[in-house]
Amino acid sequence: MNQALRAFEQCPGCGAATSNAKCLFKIFFLGQDCQVFQCSYCSLVYKEFAPIASELAKIYSDDYVHFKMASLAIDRAELNSAKQKIDRCQKLLCTEKAPENLRLLDIGCGAGYFVEIALSLGYFAEGIDPYLPDNLKNSCLQKKSPDSVSPNSYDIAFLLNVVEHLDEPIHIFSAVQRLLKPGGVMLLTCPYGDSLARRYYQGYWGHLALDEHILFWTPRALTGLLRELGFRGKISYRIAGSPFPYGRVKLPTVVPKLIENYEQRCFENTNNSRSLSEQVWQLARTIQRQEGIANLVRYIVHLTHTGDYLEYAISVGK
């Protein structure tokens with residue numbers, strides 16, 4: 001086995017033996033064949049292997065993509081998206097507070113783009129990231145892990161595009177549960193493990209292409225684990241992201257022999273299809289800048305379960 005990898009012997013979500021999990025398909029991962037499992041007990045989808053700590057440190061170097069967003073101007077689309085997420089959390093809070101009295105923490109904050117947006121909306125917001133480059137550290141962004149945050153210190157914790165990276169999610173979720181105030185809320189976003197795109201494209205699903213993406217959650221898997229860890233409050237989630245048929249990676253992440261009839265099962269990567277994808281992406285950004293229309297589109301994507309992303313919020317309860 002590749003020395004940069006370690007094998008999961010049990011489901012990272014519920015602890016069930018990997019030997020009892022269902023193998024969905026195989027991919028090529030960091031130089032070797034890798035099975036993608038779905039837990040028979042909790043429904044979590046996960047890769048057979050996870051990168052070891054030293055390999056992750058290489059991936060999350062100062063050049064990592066999420067550390068390069070500090071200089072970006074706040075886009076109206078991102079502003080509306082952030083407002084929608086914060087509104088979802090406020091509906092789950094067990095207390096009503098003005099924005100300036102709510103303490104928000106972005107865990108895995110990258111360059112702090114979401115923190116900057118939350119500050120612009122009038123919230124008290126901070127971010128933490130264990131891999132944060134020194135040049136990005138400031139009064140709002142700190143290089144540390146959630147288990148080093150004081151207990152009962154934040155009203156809302158965000159894990160945006162984070163939980164798919166975790167090889168020990170129980171540890172991180174437990175730390176988040178401790179740092180939240182009574183009645184506090186955690187909101188996360190991640191690739192949706194039971195999406196139509198994942199089920200149809202299998203090893204060519206785009207979210208599998210990144211080496212740091214190892215877990216692909218479902219509402220059932222999250223709820224089962226978080227209830228066990230002490231999250232007793234209400235739950236709110238939606239299926240989001242790019243609607244099917246989008247979601248196939250442009251370059252294969254698998255060894256060709258592992259998937260039969262590839263040409264029949266996947267869309268061809270022609271110049272026309274790439275051009276169409278770019279046009280659709282631009283249209284999506286335009287829609288996201290119109291708050292009312294964007295909320296309607298989000299509702300339709302959730303109602304039809306065609307998206308490949310999951311937005312999930314849960315309260316600690318009292």
# chains A, B, ... in the order shown; residues from 1 in each chain; ligands from 1

$ residues_around --residues "Glu55 (chain A)" --least-positions-apart "3" --cutoff "12 Å" --atoms "only C-alpha atoms" --output "list in words"
Asn2, Gln3, Ala4, Leu5, Arg6, Leu30, Ala50, Pro51, Ile52, Lys58, Ile59, Tyr60, Ser61, Asp211 and Glu212 of chain A

$ write_last_selection --atoms "C-alpha atoms" --output "PDB file, in the first residue's frame"
ATOM      1  CA  ASN A   2       1.087   3.585  -0.646  1.00  0.00           C
ATOM      2  CA  GLN A   3       2.920   4.746   2.505  1.00  0.00           C
ATOM      3  CA  ALA A   4       1.139   8.106   2.292  1.00  0.00           C
ATOM      4  CA  LEU A   5      -2.173   6.364   3.025  1.00  0.00           C
ATOM      5  CA  ARG A   6      -3.770   4.530   5.908  1.00  0.00           C
ATOM      6  CA  LEU A  30      -2.764   8.599  -4.743  1.00  0.00           C
ATOM      7  CA  ALA A  50      -7.154   8.463   4.046  1.00  0.00           C
ATOM      8  CA  PRO A  51      -3.923  10.457   3.579  1.00  0.00           C
ATOM      9  CA  ILE A  52      -1.622  10.387   6.609  1.00  0.00           C
ATOM     10  CA  LYS A  58       1.670  18.845   1.827  1.00  0.00           C
ATOM     11  CA  ILE A  59      -1.860  19.272   0.459  1.00  0.00           C
ATOM     12  CA  TYR A  60      -2.711  22.151   2.827  1.00  0.00           C
ATOM     13  CA  SER A  61       0.429  24.132   2.067  1.00  0.00           C
ATOM     14  CA  ASP A 211      -7.200  13.715  -2.722  1.00  0.00           C
ATOM     15  CA  GLU A 212      -8.274  15.483   0.465  1.00  0.00           C
TER      16      GLU A 212
END

$ select_by_dssp --residues "region 27-231 of chain A" --states "strand (DSSP E or B)" --output "ChimeraX atom specification"
/A:27-29,32-38,45-47,49-51,103-107,124-128,141-142,154-160,180-192,205,215-217

$ write_last_selection --atoms "C-alpha atoms" --output "PDB file, in the first residue's frame"
ATOM      1  CA  ILE A  27     -11.133   4.672  -8.112  1.00  0.00           C
ATOM      2  CA  PHE A  28      -7.437   5.423  -8.527  1.00  0.00           C
ATOM      3  CA  PHE A  29      -6.299   7.320  -5.422  1.00  0.00           C
ATOM      4  CA  GLN A  32      -3.202   2.915  -6.185  1.00  0.00           C
ATOM      5  CA  ASP A  33      -6.606   1.281  -6.548  1.00  0.00           C
ATOM      6  CA  CYS A  34      -9.045   2.361  -3.852  1.00  0.00           C
ATOM      7  CA  GLN A  35     -12.535   1.115  -3.057  1.00  0.00           C
ATOM      8  CA  VAL A  36     -15.320   3.558  -2.228  1.00  0.00           C
ATOM      9  CA  PHE A  37     -17.590   2.173   0.486  1.00  0.00           C
ATOM     10  CA  GLN A  38     -21.047   2.960   1.784  1.00  0.00           C
ATOM     11  CA  VAL A  45     -19.876   7.074   1.815  1.00  0.00           C
ATOM     12  CA  TYR A  46     -16.099   7.012   2.271  1.00  0.00           C
ATOM     13  CA  LYS A  47     -12.869   6.114   0.544  1.00  0.00           C
ATOM     14  CA  PHE A  49      -7.956   5.062   2.546  1.00  0.00           C
ATOM     15  CA  ALA A  50      -7.154   8.463   4.046  1.00  0.00           C
ATOM     16  CA  PRO A  51      -3.923  10.457   3.579  1.00  0.00           C
ATOM     17  CA  ARG A 103     -20.639  35.157  18.116  1.00  0.00           C
ATOM     18  CA  LEU A 104     -19.847  33.259  14.886  1.00  0.00           C
ATOM     19  CA  LEU A 105     -16.900  30.921  14.353  1.00  0.00           C
ATOM     20  CA  ASP A 106     -15.793  29.670  10.932  1.00  0.00           C
ATOM     21  CA  ILE A 107     -13.852  26.415  11.426  1.00  0.00           C
ATOM     22  CA  PHE A 124     -19.045  39.259  15.509  1.00  0.00           C
ATOM     23  CA  ALA A 125     -17.118  36.660  13.515  1.00  0.00           C
ATOM     24  CA  GLU A 126     -13.806  34.854  13.820  1.00  0.00           C
ATOM     25  CA  GLY A 127     -12.121  32.018  11.964  1.00  0.00           C
ATOM     26  CA  ILE A 128      -9.741  29.222  12.856  1.00  0.00           C
ATOM     27  CA  LEU A 141      -8.177  34.553  11.985  1.00  0.00           C
ATOM     28  CA  GLN A 142      -6.154  32.201  14.170  1.00  0.00           C
ATOM     29  CA  TYR A 154     -19.846  30.776  20.319  1.00  0.00           C
ATOM     30  CA  ASP A 155     -23.477  30.884  19.228  1.00  0.00           C
ATOM     31  CA  ILE A 156     -22.935  29.496  15.731  1.00  0.00           C
ATOM     32  CA  ALA A 157     -20.133  27.365  14.277  1.00  0.00           C
ATOM     33  CA  PHE A 158     -19.687  26.949  10.529  1.00  0.00           C
ATOM     34  CA  LEU A 159     -17.794  24.113   8.837  1.00  0.00           C
ATOM     35  CA  LEU A 160     -17.967  25.067   5.168  1.00  0.00           C
ATOM     36  CA  LEU A 180     -20.996  26.090  21.325  1.00  0.00           C
ATOM     37  CA  LYS A 181     -23.148  27.836  23.902  1.00  0.00           C
ATOM     38  CA  PRO A 182     -26.288  26.063  25.150  1.00  0.00           C
ATOM     39  CA  GLY A 183     -28.784  26.338  22.317  1.00  0.00           C
ATOM     40  CA  GLY A 184     -25.985  27.047  19.832  1.00  0.00           C
ATOM     41  CA  VAL A 185     -26.034  25.833  16.232  1.00  0.00           C
ATOM     42  CA  MET A 186     -23.555  24.137  13.907  1.00  0.00           C
ATOM     43  CA  LEU A 187     -23.950  24.466  10.138  1.00  0.00           C
ATOM     44  CA  LEU A 188     -21.882  22.494   7.658  1.00  0.00           C
ATOM     45  CA  THR A 189     -21.700  22.102   3.905  1.00  0.00           C
ATOM     46  CA  CYS A 190     -20.200  19.135   2.078  1.00  0.00           C
ATOM     47  CA  PRO A 191     -20.528  16.914  -1.002  1.00  0.00           C
ATOM     48  CA  TYR A 192     -23.734  14.878  -0.731  1.00  0.00           C
ATOM     49  CA  TRP A 205     -18.120  11.972  -9.749  1.00  0.00           C
ATOM     50  CA  LEU A 215     -15.924  11.355   3.429  1.00  0.00           C
ATOM     51  CA  PHE A 216     -19.248  12.005   1.696  1.00  0.00           C
ATOM     52  CA  TRP A 217     -22.056  12.559   4.176  1.00  0.00           C
TER      53      TRP A 217
END

$ residues_around --residues "region 241-250 of chain A" --least-positions-apart "6" --cutoff "6 Å" --atoms "only C-alpha atoms" --output "list in words"
Ala197, Tyr204, Trp205, Gly206, Thr306, Gly307, Asp308 and Tyr309 of chain A

$ atom_distance --atom1 "CA of Leu222 (chain A)" --atom2 "CA of Gly13 (chain A)"
7.8 Å

$ atom_distance --atom1 "CA of Tyr113 (chain A)" --atom2 "CA of Ala82 (chain A)"
10.3 Å

$ residues_around --residues "Ser236 (chain A)" --least-positions-apart "6" --cutoff "7 Å" --atoms "only C-alpha atoms" --output "VMD selection string"
chain A and resid 312 to 314

$ residues_around --residues "Cys14 (chain A)" --least-positions-apart "2" --cutoff "10 Å" --atoms "only C-alpha atoms" --output "VMD selection string"
chain A and resid 10 to 12 16 to 17 39 41 to 44 169 to 170 221 to 222 224 to 225 228

$ select_by_dssp --residues "region 33-237 of chain A" --states "alpha helix (DSSP H)" --output "ChimeraX atom specification"
/A:53-59,76-92,113-120,169-179,196-201,219-228

$ write_last_selection --atoms "C-alpha atoms" --output "PDB file, in the first residue's frame"
ATOM      1  CA  ALA A  53      -0.812  13.607   8.502  1.00  0.00           C
ATOM      2  CA  SER A  54       2.397  14.362   6.598  1.00  0.00           C
ATOM      3  CA  GLU A  55       0.600  13.989   3.265  1.00  0.00           C
ATOM      4  CA  LEU A  56      -2.180  16.314   4.420  1.00  0.00           C
ATOM      5  CA  ALA A  57       0.404  18.907   5.418  1.00  0.00           C
ATOM      6  CA  LYS A  58       1.670  18.845   1.827  1.00  0.00           C
ATOM      7  CA  ILE A  59      -1.860  19.272   0.459  1.00  0.00           C
ATOM      8  CA  ARG A  76     -23.119  39.717  -4.230  1.00  0.00           C
ATOM      9  CA  ALA A  77     -23.649  36.015  -4.916  1.00  0.00           C
ATOM     10  CA  GLU A  78     -21.453  35.014  -1.972  1.00  0.00           C
ATOM     11  CA  LEU A  79     -23.075  37.663   0.214  1.00  0.00           C
ATOM     12  CA  ASN A  80     -26.554  36.260  -0.478  1.00  0.00           C
ATOM     13  CA  SER A  81     -25.315  32.705   0.101  1.00  0.00           C
ATOM     14  CA  ALA A  82     -23.827  33.675   3.475  1.00  0.00           C
ATOM     15  CA  LYS A  83     -27.024  35.470   4.524  1.00  0.00           C
ATOM     16  CA  GLN A  84     -29.059  32.386   3.659  1.00  0.00           C
ATOM     17  CA  LYS A  85     -26.801  30.165   5.812  1.00  0.00           C
ATOM     18  CA  ILE A  86     -26.834  32.543   8.779  1.00  0.00           C
ATOM     19  CA  ASP A  87     -30.621  32.916   8.529  1.00  0.00           C
ATOM     20  CA  ARG A  88     -30.991  29.115   8.654  1.00  0.00           C
ATOM     21  CA  CYS A  89     -28.923  29.047  11.848  1.00  0.00           C
ATOM     22  CA  GLN A  90     -30.804  31.908  13.492  1.00  0.00           C
ATOM     23  CA  LYS A  91     -34.075  30.036  12.995  1.00  0.00           C
ATOM     24  CA  LEU A  92     -32.614  27.141  14.993  1.00  0.00           C
ATOM     25  CA  TYR A 113     -13.627  35.082   3.079  1.00  0.00           C
ATOM     26  CA  PHE A 114     -16.764  33.959   4.953  1.00  0.00           C
ATOM     27  CA  VAL A 115     -15.573  35.739   8.112  1.00  0.00           C
ATOM     28  CA  GLU A 116     -15.164  38.942   6.144  1.00  0.00           C
ATOM     29  CA  ILE A 117     -18.704  38.638   4.770  1.00  0.00           C
ATOM     30  CA  ALA A 118     -20.163  37.964   8.240  1.00  0.00           C
ATOM     31  CA  LEU A 119     -18.351  41.013   9.630  1.00  0.00           C
ATOM     32  CA  SER A 120     -19.739  43.139   6.811  1.00  0.00           C
ATOM     33  CA  PRO A 169     -14.954  13.396  12.428  1.00  0.00           C
ATOM     34  CA  ILE A 170     -16.034  12.278  15.899  1.00  0.00           C
ATOM     35  CA  HIS A 171     -13.143  14.218  17.433  1.00  0.00           C
ATOM     36  CA  ILE A 172     -13.947  17.423  15.540  1.00  0.00           C
ATOM     37  CA  PHE A 173     -17.724  17.260  16.047  1.00  0.00           C
ATOM     38  CA  SER A 174     -17.213  16.662  19.780  1.00  0.00           C
ATOM     39  CA  ALA A 175     -14.986  19.739  19.945  1.00  0.00           C
ATOM     40  CA  VAL A 176     -17.627  21.818  18.139  1.00  0.00           C
ATOM     41  CA  GLN A 177     -20.320  20.608  20.537  1.00  0.00           C
ATOM     42  CA  ARG A 178     -18.185  21.804  23.480  1.00  0.00           C
ATOM     43  CA  LEU A 179     -17.358  25.250  22.088  1.00  0.00           C
ATOM     44  CA  LEU A 196     -27.843  11.549  -8.136  1.00  0.00           C
ATOM     45  CA  ALA A 197     -24.506  12.571  -9.677  1.00  0.00           C
ATOM     46  CA  ARG A 198     -22.576  10.271  -7.310  1.00  0.00           C
ATOM     47  CA  ARG A 199     -24.889   7.345  -7.986  1.00  0.00           C
ATOM     48  CA  TYR A 200     -24.868   7.831 -11.764  1.00  0.00           C
ATOM     49  CA  TYR A 201     -21.257   8.844 -12.446  1.00  0.00           C
ATOM     50  CA  PRO A 219     -28.380  13.496   6.506  1.00  0.00           C
ATOM     51  CA  ARG A 220     -28.895  10.068   8.053  1.00  0.00           C
ATOM     52  CA  ALA A 221     -25.180   9.592   8.754  1.00  0.00           C
ATOM     53  CA  LEU A 222     -24.811  13.074  10.229  1.00  0.00           C
ATOM     54  CA  THR A 223     -27.914  12.872  12.388  1.00  0.00           C
ATOM     55  CA  GLY A 224     -26.989   9.478  13.818  1.00  0.00           C
ATOM     56  CA  LEU A 225     -23.501  10.585  14.804  1.00  0.00           C
ATOM     57  CA  LEU A 226     -24.401  14.055  16.073  1.00  0.00           C
ATOM     58  CA  ARG A 227     -27.248  12.780  18.234  1.00  0.00           C
ATOM     59  CA  GLU A 228     -24.800  10.358  19.836  1.00  0.00           C
TER      60      GLU A 228
END

$ residues_around --residues "Asn135 (chain A)" --least-positions-apart "4" --cutoff "12 Å" --atoms "only C-alpha atoms" --output "ChimeraX atom specification"
/A:62-63,67-68,70,110-111,131,141-143

$ write_last_selection --atoms "N, CA and C atoms" --output "mmCIF file, in the first residue's frame"
data_model
loop_
_atom_site.group_PDB
_atom_site.id
_atom_site.type_symbol
_atom_site.label_atom_id
_atom_site.label_comp_id
_atom_site.auth_asym_id
_atom_site.auth_seq_id
_atom_site.Cartn_x
_atom_site.Cartn_y
_atom_site.Cartn_z
ATOM 1 N N ASP A 62 0.856 26.515 1.971
ATOM 2 C CA ASP A 62 0.477 27.925 1.825
ATOM 3 C C ASP A 62 -0.145 28.212 0.467
ATOM 4 N N ASP A 63 0.098 27.326 -0.509
ATOM 5 C CA ASP A 63 -0.449 27.533 -1.853
ATOM 6 C C ASP A 63 -1.822 26.894 -2.031
ATOM 7 N N PHE A 67 -6.531 29.232 0.631
ATOM 8 C CA PHE A 67 -5.724 30.271 1.270
ATOM 9 C C PHE A 67 -5.425 31.425 0.320
ATOM 10 N N LYS A 68 -6.006 31.399 -0.858
ATOM 11 C CA LYS A 68 -5.717 32.412 -1.873
ATOM 12 C C LYS A 68 -6.893 33.343 -2.134
ATOM 13 N N ALA A 70 -8.028 35.756 0.031
ATOM 14 C CA ALA A 70 -8.042 36.922 0.911
ATOM 15 C C ALA A 70 -8.219 38.228 0.147
ATOM 16 N N GLY A 110 -9.899 28.926 5.986
ATOM 17 C CA GLY A 110 -9.110 29.311 4.814
ATOM 18 C C GLY A 110 -8.623 30.741 4.954
ATOM 19 N N ALA A 111 -8.771 31.514 3.908
ATOM 20 C CA ALA A 111 -8.304 32.904 3.921
ATOM 21 C C ALA A 111 -9.259 33.846 4.642
ATOM 22 N N TYR A 131 -4.154 24.820 9.572
ATOM 23 C CA TYR A 131 -3.130 24.942 8.546
ATOM 24 C C TYR A 131 -2.964 26.388 8.067
ATOM 25 N N LEU A 141 -8.540 35.883 12.477
ATOM 26 C CA LEU A 141 -8.177 34.553 11.985
ATOM 27 C C LEU A 141 -7.023 34.009 12.809
ATOM 28 N N GLN A 142 -7.184 32.794 13.334
ATOM 29 C CA GLN A 142 -6.154 32.201 14.170
ATOM 30 C C GLN A 142 -5.817 30.798 13.687
ATOM 31 N N LYS A 143 -4.566 30.432 13.875
ATOM 32 C CA LYS A 143 -4.092 29.114 13.479
ATOM 33 C C LYS A 143 -4.248 28.152 14.649
#

$ atom_distance --atom1 "CA of Gln288 (chain A)" --atom2 "CA of Ile239 (chain A)"
15.9 Å
